[in-house]
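Asker: Before I ask anything, here is the structure I am working with.
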Amino acid sequence: MPALRSARAQIPQANYGIDMSESTENITMDDTEEFIPDQHELDVALDNMEFEDTPQPPAKRGRKRQIKAPPPPPPPPPAGPEMVGVRKPRRGGRQGGGTRLRPLVVEDGITLFDIVKSGRSALQAVIDDWIERYNNDRDPALLELMQFFIRSSGCKGTITMEMQEHMQHAQIIRRMTEEFDEDSGDYPLIMSGPVWKKFRANFCEFVSVLVRQCQYSIIYDQYLMDNVISLLTGLSDSQVRAFRHTSTLAVMKLMTALVDVALNLSVNKDFTQRQYEAERQKSQSKRATERLEVLMQKRKELEEQTEEIRNMLNYMFKSVFVHRYRDTLPDIRSICMGEIGIWMKKYPNMFLDDGYLKYIGWTLHDKVGDTRLKCLQSLLPLYQTEELGPKMELFTSKFKDRIVSMTLDKEYDVAVQGVKLIIAIQRNHKDILSDKDCEHVYELVYSSHRAVAQTAGEFLNVKLFTIDDDTPLAKSKRGKKRSPNTPLIRDLVQFFIESELHEHGAYLVDSLIDNNPMMKDWECMTDLLLEEPGKGEEALEDKIETSLIEIVVCTVRQSATGEPPVGRGPNRKLSTKEQRQIIDDKVKLTEHFIQTLPALLAKYIQDEEKIANLMTIPQYFELEIYTTSRQEKCLENLLKLIHEIVLRHTNTEVLEACAKTYELLCSDEYAIKGKCEVARATLLDQLMEKFREAYQAFIEEGEEADDEEEFALLTSMNRITSFIDCHDMTAYNLWEPLMTLIKAASDDKHVPDPIVCKSIRCCVNLLTWSLANLDNHNPDKNALKQLKRNLNEFMSLCRLLITSARDAAEEEAFLAVCDLLIIFSKQLANNAVLAALSYEPDVNLSGQLTGFIECKVFIDDEDEDQDEHQKIEELHKRRNFLASFSKLVVYNIVSIRNAADVFKHYCRFYNDYGDIIKTALGKSREINKVTCARTLAVSLTSVFKEVQAEHGGRINRGSEGFGALKELARRFSMSFGLDLVRNREAIASLHREGIIFALNPLENPEEPRGPPPNIAFLEIMCEFSNKLMKQDKKTVLQYLEKHMSRATHLMRGEEWSPYVTYKNSLLHHGTHASEFEPTVQKHREPKEHKPRRARGKRKAEQGSDR
């Protein structure tokens, strides 16, 4: 190797595949640019960092054969497309001879590459056989190994014995480059499929086992490693990506294997040194001089071997890693970053140095996520080892900010790894991170990506939520010991309050519930709420109590369901272990809250927000425990409290929570059903009594009803509306009084809008409950007739309200009509006995619904004084209106043509309603492709007329409105997809509708010799020409010419250009060109005749990446 090293020292470093024009002066967090710094600027910018010395040749030992170093490579090729191979002039022969041996085969023509690829043989046995062949005759064995690396690169060229004897490695590589004969750019390391995936693993294992099996013998013979390293180093500088990729992987794995050898040598050397010291400490009479000499000789030999291994590592690092860590191929960069981390972890005495760490630091800015990920994965074990902290100080000071910023990386895997690295730094190097650095990670517990949020939750556990064993446990006022988690729960609530995201408690809980047992310490939480503070404890403020209750409810919900909050990834199937954990948690929380929930409800019965949260807890109970644990007394207390809460509160959230809880308590599957139904009936009777009293008082007062009567009626209706959603109240004869209120509103009598809206909602529920109560096989005829009569009466009143001036009542009536049209749709006709209940909308009703959408949904916000929250609420309401109408289209309840006025707003309101309109469009096409296409044509013509009206009956094709129309047509065209056959008839009908509109009328009343007034619409139709099949283009063209046959002599001037443009868009091979605007044929130069080249060379020129 000395000759090899001395020659390599004169070789200019190759820059193939490396962009040397980038600078490190403006490194930013932007991952869109690759970080490939200029060599000179790197040296200047990082003078303060420690660089490695020039690699020194290893200690010279008895050389059996000296290898002549390869000559300097030719200058790099000019910038251009990647090249798989470039033919280069051959150079002189190779020094040295050797014994001529058998051909390159292992056994029966099977090569090392075939064995590694198949993976059927134990690699250790294969390598042991190869070592035996090497010991018998090293030249052919080395030739086998060289051929293995060439074949592993995807090159089918063969290195002959003559080439090995008389050519240097650089010349062999040139010859292999010329013979790189592949049909595609693929090579084994990047080819897909299980075989090649297994090959990559076997290839890496082969290199590792080779070094491991040779470490006590031929690795030091100054022949094997010299030749292998020389070949691989030359291949890593190759212009051929396959050679460069494969050899870099081999060198990196070779270095990793040599690191293991160095570690073994270090262990043996330390053991020998201890033996030597032990022998020296013996008395003169017992000391064995010969043993001392043997141990000294052995120690000297181990030191020489260690120095030689270190020189090999240093040489390969400078010759390969330093150039390939910034290669243009991301996988090569990832390989380098992955392996250097292994070296630093295993052999810190050599590699854990700022001169090596800087390469990881620079590559943290790489534009490819996988490379950045490998950098973080390499750093993680270093920061997890506390003893290595002092060696990381300079690196941390320079790159800490970049590491912290990577917690916000656009690649979620990188962000997760970044947070894990911050956790390791916090655990072992607590003084490094500032408060500002920690705040970056704190916010991630609210991330929409669950893995990132949960990893950030781990950081919170390390930083904030760790139990201090030295802190004595506090006691409540009555002497009950507090849980060790009490201070942590207090800190958690304070963190939640300070985050100012009070509506996202479920996301905070989801981030922590799997990582910290305090999240399920419900006894600790309820003690904080119920127990009075003891000596030295602070009482909880109202805000803290509210936040703590929200956290309690969120933990109960997630523990009982196992479902993450909305937006935290798709719902996955739970494992058996997770399902068992959910069952256990549900039993545990039920046993606890059966006892404590009544006390909590009683304490906070006046607070609407707290009660609304607490009342949801019974919905997650394992209700059988009331019976199996003989907790009937607790059930009675709960029912009494719910009764009192309903009568005391009018808040919708509180009432709905109570109604939902009653619904679950009265389920048929539980033994407590009877007792709960009695309590529910008692409550509903009382509610109805209050409603009748309030209703009677309001009706008697009539127009003179004051606020007190209105409030009493409204509060009673609030309670009824909340319960009628979940409970059948058809037996309470609510229909007549409710209809009286709605009729009064339709007659413009004084009935407050909130009361009208509640009445409409109750009537919808009564109709739905009445339908559900009918026997599908033998319904009661009187009940059937009464339901039909009630339905018709209610729909008539709603149709009147939709056109009224009452905004709130109009909106509620619209939603009621949409819901009932779906419930009582044509599907009821499938059941002969219920067919009479089917209600189909007539043309007038469809028009009313469409007009409502046009007036209430597709309007611009002009009120700039509205705050952001109000705007969001208003948008949500409008989206609900549009979704309700779109369901009628999707279920084919109203004609698809009614959706034309919705589709035409697709582009203009894309940000607000684009998802709804796109879904409705796709579903409409599934119902009837042709009708949907014609509806799109109607939408386009409608917008065209609006643009035309804006310009006084004329069309300015350069106007903003016409450009928006073209964009709408383009979006519609894209919605048809790429399957021309499936949409053939629909596209043809759309063209037909467009031509009829554009050419009707054919004569222009204002300009008799001018084009048709709608001629510009043909330019819009050009957007759909590419969706026609070739044979259909000819048919459409004939249809167009047929309509224009009477106006041929008038086609002159720029105004006819839309017709010409559209006609040319329909031309294809075999169709004559337009006589008005001849088709321009592009002039093509004759092809230059070039001599045919060898296929290998042509492929090489096409595939190189440098």
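Quick note on naming: the chains in the structure tokens go A, B, ... in the order shown, residues restart at 1 in each chain, and ligands are numbered from 1 in order of appearance.
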Give me, as a PyMOL selection string, all polymer residues having an atom no more than 10 Å from Leu797 of chain A, counting only C-alpha atoms and skipping those fewer than 6 positions away in the same chain.
Answerer: chain A and resi 739+742-743+745-747+760+813
Asker: Mind checking which residues fall within 7 Å of segment 314-324 of chain A, counting only C-alpha atoms, ignoring those fewer than 4 positions away in the same chain, and posting them as an NGL selection string?
Answerer: :A and (55 or 233 or 236 or 310 or 332-333 or 336)
Asker: Tell me, as number ranges by chain, which residues lie within 10 Å of Met255 of chain A, counting only C-alpha atoms; anything in the same chain fewer than 6 positions away does not count.
Answerer: A: 207-208, 211, 249, 261, 309-310, 312-314, 316-317, 339-340, 343
Asker: Please write the residues from the selection above to a file, keeping N, CA and C atoms, as an mmCIF file, in the first residue's frame.
Answerer:
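Wrote it out as part_10.cif, contents follow:
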data_model
loop_
_atom_site.group_PDB
_atom_site.id
_atom_site.type_symbol
_atom_site.label_atom_id
_atom_site.label_comp_id
_atom_site.auth_asym_id
_atom_site.auth_seq_id
_atom_site.Cartn_x
_atom_site.Cartn_y
_atom_site.Cartn_z
ATOM 1 N N VAL A 207 -19.405 -8.439 2.498
ATOM 2 C CA VAL A 207 -18.227 -7.617 2.775
ATOM 3 C C VAL A 207 -17.840 -7.732 4.244
ATOM 4 N N SER A 208 -18.828 -7.689 5.119
ATOM 5 C CA SER A 208 -18.547 -7.756 6.559
ATOM 6 C C SER A 208 -17.948 -9.111 6.943
ATOM 7 N N VAL A 211 -14.233 -9.568 5.780
ATOM 8 C CA VAL A 211 -13.226 -8.952 6.651
ATOM 9 C C VAL A 211 -13.126 -9.717 7.964
ATOM 10 N N LEU A 249 -20.962 1.826 -1.365
ATOM 11 C CA LEU A 249 -21.578 0.959 -0.357
ATOM 12 C C LEU A 249 -20.572 -0.073 0.140
ATOM 13 N N VAL A 261 -12.749 -4.878 13.495
ATOM 14 C CA VAL A 261 -11.422 -5.489 13.637
ATOM 15 C C VAL A 261 -10.565 -4.657 14.583
ATOM 16 N N ILE A 309 -4.596 -0.964 10.394
ATOM 17 C CA ILE A 309 -6.048 -0.839 10.216
ATOM 18 C C ILE A 309 -6.468 0.633 10.224
ATOM 19 N N ARG A 310 -5.890 1.394 11.154
ATOM 20 C CA ARG A 310 -6.226 2.818 11.216
ATOM 21 C C ARG A 310 -5.810 3.532 9.935
ATOM 22 N N MET A 312 -5.625 2.164 6.965
ATOM 23 C CA MET A 312 -6.601 1.784 5.935
ATOM 24 C C MET A 312 -7.870 2.621 6.066
ATOM 25 N N LEU A 313 -8.367 2.738 7.297
ATOM 26 C CA LEU A 313 -9.585 3.514 7.521
ATOM 27 C C LEU A 313 -9.392 4.972 7.126
ATOM 28 N N ASN A 314 -8.254 5.518 7.536
ATOM 29 C CA ASN A 314 -7.992 6.924 7.227
ATOM 30 C C ASN A 314 -7.883 7.143 5.726
ATOM 31 N N MET A 316 -9.238 5.274 3.233
ATOM 32 C CA MET A 316 -10.546 5.133 2.580
ATOM 33 C C MET A 316 -11.454 6.322 2.899
ATOM 34 N N PHE A 317 -11.342 6.851 4.121
ATOM 35 C CA PHE A 317 -12.184 8.003 4.461
ATOM 36 C C PHE A 317 -11.823 9.194 3.582
ATOM 37 N N GLU A 339 -23.289 5.171 7.843
ATOM 38 C CA GLU A 339 -22.118 4.413 8.303
ATOM 39 C C GLU A 339 -21.223 5.224 9.223
ATOM 40 N N ILE A 340 -21.083 6.526 8.978
ATOM 41 C CA ILE A 340 -20.186 7.304 9.836
ATOM 42 C C ILE A 340 -20.726 7.352 11.266
ATOM 43 N N TRP A 343 -19.472 4.235 12.922
ATOM 44 C CA TRP A 343 -18.054 4.331 13.279
ATOM 45 C C TRP A 343 -17.874 5.167 14.541
#
Asker: Which one of A:Glu701, A:Asp186, A:Glu653, A:Glu874 sits closest to Asp861 of chain A if you count only C-alpha atoms?
Answerer: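 Looking only at the distances to Asp861 of chain A, the closest residue turns out to be A:Glu874.
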Asker: Write out as number ranges by chain the residues lying within 8 Å of His592 of chain A, counting only C-alpha atoms and excluding same-chain residues fewer than 4 positions away.
Answerer: A: 522-523, 588, 596
Asker: Output N, CA and C atoms for every residue in that selection, as a short mmCIF file (atom, residue, chain, number, x, y, z; two decimals), in the first residue's frame.
Answerer:
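Full text of result-v9.cif as output:
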data_model
loop_
_atom_site.label_atom_id
_atom_site.label_comp_id
_atom_site.auth_asym_id
_atom_site.auth_seq_id
_atom_site.Cartn_x
_atom_site.Cartn_y
_atom_site.Cartn_z
N TRP A 522 -57.06 8.84 37.47
CA TRP A 522 -58.30 9.58 37.67
C TRP A 522 -58.56 9.89 39.16
N GLU A 523 -58.06 9.05 40.02
CA GLU A 523 -58.24 9.31 41.45
C GLU A 523 -57.52 10.59 41.85
N LYS A 588 -61.95 0.13 34.79
CA LYS A 588 -61.29 0.91 35.83
C LYS A 588 -61.93 2.29 35.99
N THR A 596 -67.51 8.74 42.17
CA THR A 596 -67.13 10.16 42.30
C THR A 596 -67.94 11.10 41.41
#
Asker: Need the shell around Leu231 of chain A: protein/DNA/RNA residues with any atom at most 8 Å away, counting only C-alpha atoms. Skip same-chain ones fewer than 3 positions apart. Format as a list in words?
Answerer: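 Skipping anything fewer than 3 positions along the chain leaves Met146, His169, Ala170, Asn227, Val228, Gly234 and Leu235 of chain A.
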Asker: Selected residues, N, CA, C and O atoms, written as a CSV table (one decimal), in the first residue's frame, please.
Answerer:
chain,number,residue,atom,x,y,z
A,146,MET,N,-12.6,-9.4,-7.5
A,146,MET,CA,-12.8,-8.2,-8.3
A,146,MET,C,-14.0,-8.4,-9.2
A,146,MET,O,-14.8,-7.4,-9.4
A,169,HIS,N,-5.6,-0.8,-12.3
A,169,HIS,CA,-7.0,-0.8,-11.9
A,169,HIS,C,-7.8,0.3,-12.7
A,169,HIS,O,-8.9,0.0,-13.1
A,170,ALA,N,-7.2,1.4,-12.9
A,170,ALA,CA,-7.8,2.5,-13.6
A,170,ALA,C,-8.1,2.1,-15.0
A,170,ALA,O,-9.2,2.4,-15.6
A,227,ASN,N,-5.2,-4.3,-3.1
A,227,ASN,CA,-5.9,-4.4,-4.4
A,227,ASN,C,-7.4,-4.1,-4.3
A,227,ASN,O,-8.0,-3.5,-5.1
A,228,VAL,N,-8.1,-4.7,-3.2
A,228,VAL,CA,-9.5,-4.4,-3.0
A,228,VAL,C,-9.8,-2.9,-2.8
A,228,VAL,O,-10.7,-2.3,-3.5
A,234,GLY,N,-11.1,3.4,-7.0
A,234,GLY,CA,-11.2,3.8,-8.4
A,234,GLY,C,-12.7,3.8,-8.9
A,234,GLY,O,-13.1,4.7,-9.6
A,235,LEU,N,-13.4,2.7,-8.5
A,235,LEU,CA,-14.8,2.6,-8.9
A,235,LEU,C,-15.6,3.8,-8.3
A,235,LEU,O,-16.6,4.3,-8.9
Asker: What are the DSSP helix (DSSP H, G or I) residues of segment 900-1053 of chain A, as an NGL selection string?
Answerer: :A and (900-903 or 910-927 or 929-950 or 960-974 or 984-998 or 1017-1027 or 1030-1050)
Asker: Which neighbours of segment 389-402 of chain A fall inside 8 Å, counting only C-alpha atoms, when residues of the same chain fewer than 6 positions from it are skipped, and could you give them as a PyMOL selection string?
Answerer: chain A and resi 29+352-354+357-358+361+364+382-383+428-429
Asker: Emit the selected residues as an mmCIF file, in the first residue's frame, including N, CA and C atoms.
Answerer:
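What follows is the written file part_36.cif:
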data_model
loop_
_atom_site.group_PDB
_atom_site.id
_atom_site.type_symbol
_atom_site.label_atom_id
_atom_site.label_comp_id
_atom_site.auth_asym_id
_atom_site.auth_seq_id
_atom_site.Cartn_x
_atom_site.Cartn_y
_atom_site.Cartn_z
ATOM 1 N N MET A 29 -32.744 27.019 6.381
ATOM 2 C CA MET A 29 -33.574 25.855 6.697
ATOM 3 C C MET A 29 -34.326 25.359 5.487
ATOM 4 N N LEU A 352 -14.915 9.952 16.708
ATOM 5 C CA LEU A 352 -15.721 10.965 17.384
ATOM 6 C C LEU A 352 -14.859 12.198 17.622
ATOM 7 N N ASP A 353 -14.729 12.946 16.562
ATOM 8 C CA ASP A 353 -13.859 14.115 16.557
ATOM 9 C C ASP A 353 -14.512 15.166 15.678
ATOM 10 N N ASP A 354 -14.253 16.423 15.960
ATOM 11 C CA ASP A 354 -14.881 17.489 15.181
ATOM 12 C C ASP A 354 -14.534 17.404 13.701
ATOM 13 N N LEU A 357 -17.229 14.917 12.712
ATOM 14 C CA LEU A 357 -18.585 15.357 13.017
ATOM 15 C C LEU A 357 -19.076 16.448 12.069
ATOM 16 N N LYS A 358 -18.146 17.243 11.572
ATOM 17 C CA LYS A 358 -18.563 18.366 10.718
ATOM 18 C C LYS A 358 -19.287 17.878 9.468
ATOM 19 N N GLY A 361 -22.820 17.514 10.350
ATOM 20 C CA GLY A 361 -23.410 18.833 10.529
ATOM 21 C C GLY A 361 -23.731 19.507 9.217
ATOM 22 N N LEU A 364 -26.813 17.992 7.490
ATOM 23 C CA LEU A 364 -28.133 18.244 8.088
ATOM 24 C C LEU A 364 -28.980 19.156 7.207
ATOM 25 N N LEU A 382 -25.043 8.965 19.881
ATOM 26 C CA LEU A 382 -23.933 9.732 20.445
ATOM 27 C C LEU A 382 -24.418 10.605 21.597
ATOM 28 N N TYR A 383 -25.583 11.234 21.412
ATOM 29 C CA TYR A 383 -26.123 12.067 22.482
ATOM 30 C C TYR A 383 -26.744 11.232 23.600
ATOM 31 N N ASN A 428 -29.301 13.941 28.792
ATOM 32 C CA ASN A 428 -27.891 13.775 29.149
ATOM 33 C C ASN A 428 -27.096 15.074 29.156
ATOM 34 N N HIS A 429 -27.651 16.118 28.558
ATOM 35 C CA HIS A 429 -26.930 17.398 28.495
ATOM 36 C C HIS A 429 -27.944 18.521 28.737
#
Asker: Write out as number ranges by chain which residues come within 7 Å of segment 526-542 of chain A when counting only C-alpha atoms, dropping same-chain ones fewer than 4 positions away.
Answerer: A: 475-477, 522, 546
Asker: I need the residues from that last selection saved to file as a PDB file, in the first residue's frame (with N, CA and C atoms), if you can.
Answerer:
ATOM      1  N   LYS A 475     -50.954  16.350  51.707  1.00  0.00           N
ATOM      2  CA  LYS A 475     -52.203  15.778  52.190  1.00  0.00           C
ATOM      3  C   LYS A 475     -53.314  16.797  52.029  1.00  0.00           C
ATOM      4  N   SER A 476     -54.533  16.271  51.851  1.00  0.00           N
ATOM      5  CA  SER A 476     -55.692  17.158  51.757  1.00  0.00           C
ATOM      6  C   SER A 476     -56.082  17.638  53.163  1.00  0.00           C
ATOM      7  N   LYS A 477     -57.084  18.473  53.195  1.00  0.00           N
ATOM      8  CA  LYS A 477     -57.485  19.052  54.478  1.00  0.00           C
ATOM      9  C   LYS A 477     -57.957  17.990  55.459  1.00  0.00           C
ATOM     10  N   TRP A 522     -57.056   8.845  37.471  1.00  0.00           N
ATOM     11  CA  TRP A 522     -58.297   9.582  37.667  1.00  0.00           C
ATOM     12  C   TRP A 522     -58.557   9.887  39.156  1.00  0.00           C
ATOM     13  N   THR A 546     -61.855  24.196  35.359  1.00  0.00           N
ATOM     14  CA  THR A 546     -62.481  23.960  34.052  1.00  0.00           C
ATOM     15  C   THR A 546     -61.543  23.195  33.128  1.00  0.00           C
TER      16      THR A 546
END
Asker: Mind pulling up the distance from atom CA of Gly567 of chain A to atom CA of Cys907 of chain A?
Answerer: 26.2 Å
